[in-house]
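Okay, so here's the structure we're looking at.
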Amino acid sequence: MLLTTSVGSFPKPDYLAKARTQFSRGEITEEELHALEKKATAEVIKFQEEIGIDILVHGEMERGDMTTYFAERLEGFGVSGLVRSYGNRYYRKPVVLGEVKRKAPMTVETFKFAQSLTSKPVKGMLTGPYTMTDWSFNEYYPTRRDTALSLAQVIHQEVADLEKAGAKYIQIDEPALSTRPEEIDLAIEAMAIVTKGITAKTISHICYGDFSKIYPRLLDLPVDQLDLEFANSNFANLELFRNPKFTKEIAVGVVDVHSHIIETKEQVKANIKKALEVFPLEKVYIDPDCGLKTRSVEEAQAKLKVMVEAVREVKQELGIK
Amino acid sequence: MIRTTVVGNYPKISSDKNVPNLRNALNQFDQKKISREKLEEVYKATIVRVLKEQEEAGIDIITDGQIRWDDLVTPFAKNIEGCEINGLLRFFDNNVYYRKPVIKSRMVFKDYTTLEEYKFAKANSSKKLKVVLPGPLTWAKLSLDEYYNDLKTLVTDFSQILRKEVQKLDQEGVEYIQFDEPSLCNFPQEIGLVKESLRIITSGLKTKSILFLYFGSIRNLTSGLFDMPVDIIGIDLVSKPENLDVILKADVKKEVILGCLDARNTKMEDEKEILQLIDKVSKNIPPDKIYISPSCGLEFLPHENALKKIKLLSSIATKFNS
């Protein structure tokens with residue numbers, strides 16, 4: 001009960017950020033870059049073990065953007081020129097240019113490596129078919145539905161391989177899901193393909209949106225657990241889940257990942273208690289609002305530490321182990 | 001004779017190495033490696049490049065690409081007393097973010113937002129220029145209201161601020177002023193409020209005014225949209241193809257902009273299909289009252305794709321007109 005976890009990404013240490021730039025300029029080899037990614041992954045695992053996180057993530061040291069990483073490994077995708085996401089931040093957007101196919105497993109090696117470093121469960125981490133569709137240009141498939149369902153097949157293969165490799169938790173993120181409420185049926189249809197026949201616990205992280213437009217239909221998303229942000233809106237969306245009752249497991253975001261300010265233990269405890277007013281204790285997991293990659297390493301660590309300490313005290317107060 | 005225009009923003013940077021590197025300049029400015037003056041030079045060179053590209057592509061009514069704008073609302077929020085700027089939120093259904101203005105007290109005009117930008121663009125272009133502003137309802141819906149607690153008063157106060165901006169632009173001789181109202185598609189019940197606001201903003205103007213709706217459906221706006229107190233209505237025909245039916249059936253006395261090239265996908269349209277679409281519309285609206293444009297601002301595309309789209313737009317107009 002009240003197991004702690006993270007949404008996925010961790011900040012890349014300076015040496016890795018530098019190495020990625022050097023690699024993009026052709027100054028170091030792929031092997032050299034991989035070695036540093038492994039070093040950074042090992043550090044992320046060690047840190048989470050040390051502070052006592054229950055379900056670990058590998059930190060996504062090998063990934064830049066959460067859609068581009070997969071697009072670069074799938075047949076049928078190209079990558080566009082630079083598109084602005086905000087301010088002076090740009091990214092290369094995937095472009096669907098042909099039939100989407102998986103050439104080889106994309107995340108299994110990294111998962112196996114991370115899992116080999118710890119006896120605690122490490123989550124398999126994927127981007128969902130709806131989000132891959134929504135965040136790509138499409139020059140090939142006639143409709144968005146065609147694109148999403150084709151991607152769902154491919155992502156299902158990856159989920160099955162992760163399960164075979166021993167993943168107990170597999171997270172398939174759908175952050176785009178809340179942006180077009182009229183397409184929630186498509187997101188659900190696609191996710192059903194992804195998780196069909198999977199016995200590992202499946203999770204989907206959704207963020208940045210107006211949940212009121214997709215709730216309670218959201219509960220039909222075929223995953224075991226939803227991972228939602230709460231801290232950054234000061235739990236404004238919490239009441240929504242009271243009625244109708246939330247039926248899935250829920251991972252509750254209790255620290256804001258877009259703020260430099262480290263929450264106090266008291267604040268985080270209060271956040272956890274707020275969540276427990278609406279969600280039943282046995283279904284609640286605790287994590288940050290979203291991936292931590294935009295924070296500094298120090299900020300990310302401080303936020304997770306305060307989160308774990310707060311959970312520990314709440315558990316004590318409630319008399320749970 | 002149909003004419004061509006763009007909707008508003010345009011990519012600020014390019015993979016073309018010969019283009020001024022605004023991204024790099026902003027990074028260097030943040031790290032205090034270059035001066036404010038040097039950054040200004042790069043801004044100006046970028047705006048001149050954007051104006052020139054549209055002129056060379058043959059676009060009839062151009063914008064400065066809103067190169068200094070991070071999003072549709074913060075430039076105004078900075079010039080309004082009573083407004084603060086908050087965290088990032090998704091801009092409609094795009095994987096693009098804007099900063100949410102927070103209204104803390106009564107909104108009062110502090111300074112012009114687009115006046116200097118317009119003057120600079122005017123001095124550096126020979127085509128007709130359009131200034132693009134956030135519509136009053138969209139402004140209100142994208143903001144967090146901690147003061148008014150009443151949409152109508154909020155919208156009315158913002159309209160007064162827009163009125164001031166617009167009057168100044170009018171005196172300066174700007175040819176077109178556009179109000180972007182994507183939120184009206186999501187809140188069709190506010191059509192009366194938007195009409196009233198536009199009446200405040202546009203009364204007595206010499207310049208041509210445009211109301212542009214993108215991303216959403218206009219199906220629930222048929223009664224009233226074409227009576228708005230503006231000269232031109234712009235409509236996104238890509239995000240909601242059903243919008244075409246509305247235009248074909250409506251009694252349109254005004255000029256219209258048909259947002260017919262997808263500004264959110266790199267795929268290039270088939271020229272013939274677009275020509276057929278314009279043909280259909282021209283049975284209901286005379287060609288000299290028709291403009292064609294991308295479906296929304298072009299900043300959702302990489303630069304090379306945006307440029308291809310405006311060239312295609314211009315080629316389509318040339319073919320239609322000949």
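By order of appearance in the structure tokens: chains A, B, ..., then residues from 1 within every chain, and ligands from 1 in the order shown.
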Test item: residues at most 8 Å from segment 237-245 of chain A, only C-alpha atoms, excluding those fewer than 3 positions along its chain, as a PyMOL selection string: chain A and resi 211-212+215-216+230+233+275+278-279
Give as a PyMOL selection string every residue of chain A that touches chain B within 7 Å, counting only C-alpha atoms. chain A and resi 80-83+85-88+135+137-139+179-180+208
Any chance you could list, as number ranges by chain, the residues in segment 5-204 of chain A that come up strand (DSSP E) when DSSP is run on the backbone? A: 74-86, 89-102, 123-127, 137-138, 169-173, 201-204
Could you give me, as a PyMOL selection string, the residues within 10 Å of segment 280-285 of chain A, counting only C-alpha atoms and dropping anything in the same chain fewer than 6 positions from it? chain A and resi 1-6+54-55+225-227+246-253+272-273+311
If we count only C-alpha atoms, what is near Val297 of chain A at a cut-off of 8 Å, once residues fewer than 3 positions away on the same chain are taken out, given as a PyMOL selection string? chain A and resi 10-13+300-301
Any chance you can output those residues with all heavy atoms as a short mmCIF file (atom, residue, chain, number, x, y, z; two decimals), in the first residue's frame?
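Written file, result.cif:
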```cif
data_model
loop_
_atom_site.label_atom_id
_atom_site.label_comp_id
_atom_site.auth_asym_id
_atom_site.auth_seq_id
_atom_site.Cartn_x
_atom_site.Cartn_y
_atom_site.Cartn_z
N PHE A 10 14.33 10.78 -15.78
CA PHE A 10 15.16 11.49 -14.81
C PHE A 10 16.03 12.49 -15.58
O PHE A 10 16.27 12.30 -16.77
CB PHE A 10 16.09 10.47 -14.09
CG PHE A 10 15.50 9.92 -12.83
CD1 PHE A 10 14.30 9.24 -12.84
CD2 PHE A 10 16.15 10.10 -11.61
CE1 PHE A 10 13.76 8.73 -11.67
CE2 PHE A 10 15.62 9.59 -10.43
CZ PHE A 10 14.42 8.91 -10.45
N PRO A 11 16.50 13.54 -14.89
CA PRO A 11 17.41 14.47 -15.59
C PRO A 11 18.70 13.74 -15.99
O PRO A 11 19.17 12.87 -15.27
CB PRO A 11 17.69 15.56 -14.54
CG PRO A 11 17.22 15.02 -13.24
CD PRO A 11 16.23 13.95 -13.51
N LYS A 12 19.22 14.13 -17.14
CA LYS A 12 20.48 13.52 -17.57
C LYS A 12 21.63 14.23 -16.87
O LYS A 12 21.67 15.46 -16.84
CB LYS A 12 20.62 13.64 -19.08
CG LYS A 12 19.54 12.83 -19.79
CD LYS A 12 19.70 12.75 -21.27
CE LYS A 12 18.66 11.82 -21.88
NZ LYS A 12 17.25 12.20 -21.62
N PRO A 13 22.57 13.47 -16.29
CA PRO A 13 23.73 14.12 -15.66
C PRO A 13 24.54 14.90 -16.71
O PRO A 13 24.46 14.58 -17.90
CB PRO A 13 24.53 12.96 -15.08
CG PRO A 13 23.99 11.72 -15.72
CD PRO A 13 22.60 12.01 -16.17
N ALA A 300 15.63 17.00 -8.69
CA ALA A 300 14.88 15.75 -8.86
C ALA A 300 15.09 14.86 -7.64
O ALA A 300 14.14 14.29 -7.10
CB ALA A 300 15.34 15.03 -10.13
N GLN A 301 16.34 14.77 -7.19
CA GLN A 301 16.63 13.92 -6.04
C GLN A 301 15.94 14.45 -4.78
O GLN A 301 15.36 13.68 -4.01
CB GLN A 301 18.14 13.81 -5.83
CG GLN A 301 18.82 13.09 -7.00
CD GLN A 301 20.26 12.74 -6.72
OE1 GLN A 301 20.87 13.31 -5.81
NE2 GLN A 301 20.82 11.83 -7.50
#
```
Could you list, as number ranges by chain, every residue within 7 Å of segment 6-8 of chain B, counting only C-alpha atoms and ignoring same-chain residues fewer than 5 positions away? B: 62-63, 65-66, 132, 293-294, 296-297
Contact residues around Thr207 of chain B with only C-alpha atoms at 12 Å, ignoring same-chain residues under 5 positions, as a PyMOL selection string: chain B and resi 128-131+166-178+201-202+230-232
Output C-alpha atoms of each residue in that selection to a file, as a PDB file, in the first residue's frame.
```pdb
ATOM      1  CA  LYS B 128      -0.147  44.542 -47.577  1.00  0.00           C
ATOM      2  CA  LEU B 129       0.322  43.742 -43.908  1.00  0.00           C
ATOM      3  CA  LYS B 130      -1.942  42.131 -41.407  1.00  0.00           C
ATOM      4  CA  VAL B 131      -1.627  42.494 -37.640  1.00  0.00           C
ATOM      5  CA  VAL B 166      -6.549  48.795 -32.781  1.00  0.00           C
ATOM      6  CA  GLN B 167      -7.252  52.533 -32.979  1.00  0.00           C
ATOM      7  CA  LYS B 168      -3.559  53.256 -32.869  1.00  0.00           C
ATOM      8  CA  LEU B 169      -2.876  50.697 -35.604  1.00  0.00           C
ATOM      9  CA  ASP B 170      -5.689  52.224 -37.635  1.00  0.00           C
ATOM     10  CA  GLN B 171      -4.092  55.677 -37.369  1.00  0.00           C
ATOM     11  CA  GLU B 172      -0.818  54.186 -38.520  1.00  0.00           C
ATOM     12  CA  GLY B 173      -2.569  52.936 -41.639  1.00  0.00           C
ATOM     13  CA  VAL B 174      -2.430  49.182 -41.100  1.00  0.00           C
ATOM     14  CA  GLU B 175      -4.413  47.454 -43.849  1.00  0.00           C
ATOM     15  CA  TYR B 176      -5.766  44.396 -42.056  1.00  0.00           C
ATOM     16  CA  ILE B 177      -6.332  43.555 -38.391  1.00  0.00           C
ATOM     17  CA  GLN B 178      -7.206  40.010 -37.452  1.00  0.00           C
ATOM     18  CA  ILE B 201     -13.304  47.085 -30.945  1.00  0.00           C
ATOM     19  CA  THR B 202     -13.997  47.676 -34.640  1.00  0.00           C
ATOM     20  CA  VAL B 230     -15.941  42.516 -39.119  1.00  0.00           C
ATOM     21  CA  ASP B 231     -15.214  42.601 -42.850  1.00  0.00           C
ATOM     22  CA  ILE B 232     -13.799  39.125 -43.282  1.00  0.00           C
TER      23      ILE B 232
END
```
Find the spatial neighbours of Gly234 of chain B, counting only C-alpha atoms, within a cut-off of 9 Å - ignore same-chain residues fewer than 6 positions away - and output them as a PDB file with C-alpha atoms, in the first residue's frame.
```pdb
ATOM      1  CA  VAL B   7      -3.035  33.135 -40.581  1.00  0.00           C
ATOM      2  CA  ILE B 210     -10.922  39.820 -39.773  1.00  0.00           C
ATOM      3  CA  LEU B 211     -12.333  37.265 -37.373  1.00  0.00           C
ATOM      4  CA  PHE B 212     -10.446  33.958 -37.719  1.00  0.00           C
ATOM      5  CA  LEU B 213     -11.653  30.681 -36.209  1.00  0.00           C
ATOM      6  CA  TYR B 214      -9.334  27.698 -36.293  1.00  0.00           C
ATOM      7  CA  GLU B 255     -15.424  38.192 -47.581  1.00  0.00           C
ATOM      8  CA  VAL B 256     -14.055  34.856 -46.397  1.00  0.00           C
ATOM      9  CA  ILE B 257     -10.648  33.307 -45.869  1.00  0.00           C
ATOM     10  CA  LEU B 258     -10.633  29.602 -46.608  1.00  0.00           C
ATOM     11  CA  GLY B 259      -8.044  27.892 -44.395  1.00  0.00           C
ATOM     12  CA  TYR B 291      -8.931  34.552 -49.823  1.00  0.00           C
ATOM     13  CA  SER B 293      -4.713  30.513 -46.439  1.00  0.00           C
TER      14      SER B 293
END
```
Please report the interatomic distance between atom CA of Ala123 of chain B and atom CA of Lys44 of chain B in Å with one decimal. 11.5 Å
Based on DSSP run over this structure's backbone, return all residues of segment 1-245 of chain B in alpha helix (DSSP H), as a VMD selection string. chain B and resid 22 to 30 36 to 57 74 to 77 115 to 123 136 to 142 151 to 172 182 to 186 191 to 202 222 to 225 243 to 245
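When atom CA of Ile47 of chain B is paired with atom CA of Asp64 of chain B, their separation reads 6.0 Å.
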Please, what distance in Å, to one decimal, runs between atom CA of Ile206 of chain A and atom CA of Ser178 of chain A? 7.2 Å
